[in-house]
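To start, the structure itself, in structure tokens.
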Amino acid sequence: MPAKIYSDKDADLKALQNKTVAVIGFGSQGHAHALNLKESGVKVIIGLYKGSKSIDAAKKYGFEVYDSAEATKKADIIFIATPDIASAEVYKNDIAPHLTKGKTLLFSHGFAIHFKTIVPPKDVDVIMVAPKGPGHLVRRQYQEGRGVPALIAIFQNPSKQAKKIALAWAKGIGGTRAGVIETTFKEETETDLFGEQAVLCGGASALVSAGYETLVAAGYQPEMAYFECLHELKLIVDLMYEAGISGMRFSISETAKYGDVVTGPRIINKAVKAEMKKVLTEIQNGTFAKNWIKESKTGRKKYHKLLADGAKHPIEKTGARLRGLMPWIGKKNLGGAQASY
């Protein structure tokens with residue numbers, strides 16, 4: 001049965017009237033939610049730790065900025081917009097002592113609740129509003145009168161108003177303009193992690209690198225390998241984004257289409273699918289979360305080494321030189337804001 005899709009008509013910003021919203025963190029999602037809600041007429045304050053680099057940025061946008069504990073005291077709704085691993089410590093030290101009965105705790109990802117790194121009291125609403133896009137896109141789409149699709153979920157609802165608040169928040173950030181569906185913290189967390197690891201990030205980057213390596217090892221020019229395995233990927237993904245897989249196939253050549261349908265299953269074969277199932281199982285049983293939490297608590301040495309190794313891959317040097325010849329692509333700040341606090 002298809003999921004119900006909520007739109008603007010299903011949400012009422014009145015659910016946020018006479019309430020103070022505290023956004024804890026002013027990184028990618030935090031700044032986008034805060035600015036969009038403010039421009040939707042919601043009273044928003046920002047909570048940050050003393051000395052945070054984000055304090056000046058938040059103040060320049062006209063927000064009142066407090067330390068996280070004080071912001072929690074003043075707010076009716078507290079949005080934890082800090083990184084998954086950092087959230088537990090922020091919650092324990094700054095939020096939990098001031099999370100009194102009747103308040104609402106809001107997340108944009110289910111990780112902390114689902115894997116119980118945060119266990120809230122039973123007398124507060126716990127909800128999620130998760131835009132299906134990064135913060136800068138959530139902000140830009142809102143400013144252009146559009147929106148990024150979003151998910152909502154209700155984990156605790158003692159007030160019996162949690163869904164109204166979640167839908168109002170989704171409307172305030174522009175989500176209901178594009179469509180909102182209801183899920184659970186469990187479903188959002190597990191599907192999000194799987195998508196990132198097996199397809200969108202881990203799967204795609206490994207596939208691109210492997211294709212590049214195969215062509216270069218066979219004696220083809222690195223520049224040709226880059227164009228065929230990385231550069232043109234955007235063209236195909238854009239077609240899928242706009243019209244689905246069948247729509248993409250409609251737009252490519254007959255030769256490309258034949259190669260797609262006969263060769264694709266040889267690359268993503270039963271062995272790959274079996275490995276995907278293992279990845280999903282590790283997400284579902286908490287193995288991935290435990291490993292990531294342990295890695296973070298022990299200095300992230302393996303994590304940083306793997307990132308550094310990836311940055312040294314020959315495809316990066318080839319790509320940087322070729323992108324330098326295409327100024328219309330624009331240079332991305334690789335050290336840009338993520339979910340900073």
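Chain labels run A, B, ... following the order of the structure tokens; each chain numbers its residues from 1, and ligands are numbered from 1 in the order shown.
Near Val208 (chain A), within a cut-off of 12 Å and counting only C-alpha atoms, sit the residues A:Val199, A:Leu200, A:Cys201, A:Gly202, A:Gly203, A:Ala204, A:Ser205, A:Gly211, A:Tyr212, A:Glu213, A:Thr214, A:Leu215, A:Ala225, A:Tyr226, A:Phe227, A:Glu228, A:Cys229, A:Leu230, A:His231, A:Glu232, A:Leu233, A:Lys234, A:His313, A:Ile315, A:Glu316, with same-chain residues fewer than 3 positions away left out.
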DSSP strand (DSSP E) residues within region 45-273 of chain A, as a PyMOL selection string = chain A and resi 45-48+64-67+77-80+104-107+125-131+150-156+180-183
Mind dumping the selected residues with C-alpha atoms as a PDB file, in the first residue's frame?
```
ATOM      1  CA  ILE A  45      16.854  30.592  19.420  1.00  0.00           C
ATOM      2  CA  ILE A  46      20.226  28.900  18.992  1.00  0.00           C
ATOM      3  CA  GLY A  47      22.073  26.769  21.527  1.00  0.00           C
ATOM      4  CA  LEU A  48      25.863  26.382  21.237  1.00  0.00           C
ATOM      5  CA  GLU A  64      19.618  35.072  20.055  1.00  0.00           C
ATOM      6  CA  VAL A  65      22.397  32.670  21.022  1.00  0.00           C
ATOM      7  CA  TYR A  66      22.697  30.902  24.382  1.00  0.00           C
ATOM      8  CA  ASP A  67      24.716  28.057  25.742  1.00  0.00           C
ATOM      9  CA  ILE A  77      10.896  22.335  21.396  1.00  0.00           C
ATOM     10  CA  ILE A  78      14.562  21.328  21.331  1.00  0.00           C
ATOM     11  CA  PHE A  79      16.084  20.258  18.028  1.00  0.00           C
ATOM     12  CA  ILE A  80      19.361  18.356  18.442  1.00  0.00           C
ATOM     13  CA  THR A 104       9.428  18.186  22.709  1.00  0.00           C
ATOM     14  CA  LEU A 105      12.721  16.663  21.614  1.00  0.00           C
ATOM     15  CA  LEU A 106      13.273  16.703  17.860  1.00  0.00           C
ATOM     16  CA  PHE A 107      15.820  14.975  15.624  1.00  0.00           C
ATOM     17  CA  ASP A 125       7.368  14.147  22.993  1.00  0.00           C
ATOM     18  CA  VAL A 126      10.106  12.694  20.804  1.00  0.00           C
ATOM     19  CA  ILE A 127       9.782  13.307  17.073  1.00  0.00           C
ATOM     20  CA  MET A 128      11.818  13.387  13.909  1.00  0.00           C
ATOM     21  CA  VAL A 129      11.698  15.622  10.848  1.00  0.00           C
ATOM     22  CA  ALA A 130      14.272  14.436   8.325  1.00  0.00           C
ATOM     23  CA  PRO A 131      14.664  16.332   5.050  1.00  0.00           C
ATOM     24  CA  ALA A 150      10.953  15.098   4.255  1.00  0.00           C
ATOM     25  CA  LEU A 151      10.157  12.242   6.595  1.00  0.00           C
ATOM     26  CA  ILE A 152       8.437  12.533   9.949  1.00  0.00           C
ATOM     27  CA  ALA A 153       8.345   9.985  12.766  1.00  0.00           C
ATOM     28  CA  ILE A 154       6.836   9.843  16.240  1.00  0.00           C
ATOM     29  CA  PHE A 155       8.722   7.948  18.957  1.00  0.00           C
ATOM     30  CA  GLN A 156       6.891   9.293  22.035  1.00  0.00           C
ATOM     31  CA  VAL A 180       6.200  14.440   3.562  1.00  0.00           C
ATOM     32  CA  ILE A 181       5.775  10.783   4.470  1.00  0.00           C
ATOM     33  CA  GLU A 182       5.530   9.204   7.905  1.00  0.00           C
ATOM     34  CA  THR A 183       8.010   6.538   8.949  1.00  0.00           C
TER      35      THR A 183
END
```
Would you mind writing down, as a ChimeraX atom specification, each residue of region 52-271 of chain A that DSSP on the backbone assigns to alpha helix (DSSP H)?
-> /A:54-60,68-74,84-90,111-114,135-143,162-172,175-178,185-194,202-217,222-226,233-251,254-267,270-271
What lies within 12 Å of Ala320 (chain A) using only C-alpha atoms, ignoring chain neighbours under 6 positions off, as a ChimeraX atom specification?
-> /A:223,226,231,311-314,326-327,329-332
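A straight line drawn from CA of Lys186 (chain A) to CA of Ser108 (chain A) is 13.0 Å long.
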Do you know which residues are at most 10 Å from region 93-103 of chain A counting only C-alpha atoms, after dropping those on the same chain fewer than 2 positions away, and could you put them as an NGL selection string?
-> :A and (24 or 47-49 or 67-78 or 80 or 87-91 or 105-106 or 118-126 or 157-159)
Considering only C-alpha atoms, return as a list in words whatever protein or nucleic-acid residues lie within 10 Å of region 294-309 of chain A, sequence-local ones (same chain, fewer than 4 positions apart) excluded.
-> Ile85, Ala86, Phe288, Ala289, Lys290 and His313 of chain A
Please produce an output containing C-alpha atoms for each residue in the selection, written as a JSON list (two decimals), in the first residue's frame.
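Output file again.json is given in full below:
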```json
[["chain", "number", "residue", "atom", "x", "y", "z"],
["A", 85, "ILE", "CA", 28.18, 10.67, 17.94],
["A", 86, "ALA", "CA", 28.43, 14.08, 19.64],
["A", 288, "PHE", "CA", 27.77, -0.87, 12.62],
["A", 289, "ALA", "CA", 26.63, 1.58, 15.31],
["A", 290, "LYS", "CA", 28.80, -0.12, 17.97],
["A", 313, "HIS", "CA", 43.82, 7.78, -5.03]]
```
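Taking CA of Phe185 (chain A) and CA of Gln284 (chain A) as endpoints, the distance between them is 12.3 Å.
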Shell around Pro149 (chain A) at 12 Å using only C-alpha atoms, local window under 5 positions removed, as a PyMOL selection string | chain A and resi 5-8+129-134+137-138+141-142+170-171+173-182
Contacts of Gln29 (chain A) at 9 Å or less, counting only C-alpha atoms, minus same-chain residues fewer than 4 places along, as a PyMOL selection string?
-> chain A and resi 25+33-34+81-82+108+131+134-136+138-139+338-339
Hey, which of A:Leu16, A:Phe250, A:Thr318, A:Ile293 ends up closest to Gln221 (chain A)? Count only C-alpha atoms.
->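 Distance minimum relative to Gln221 (chain A) lands on A:Thr318.
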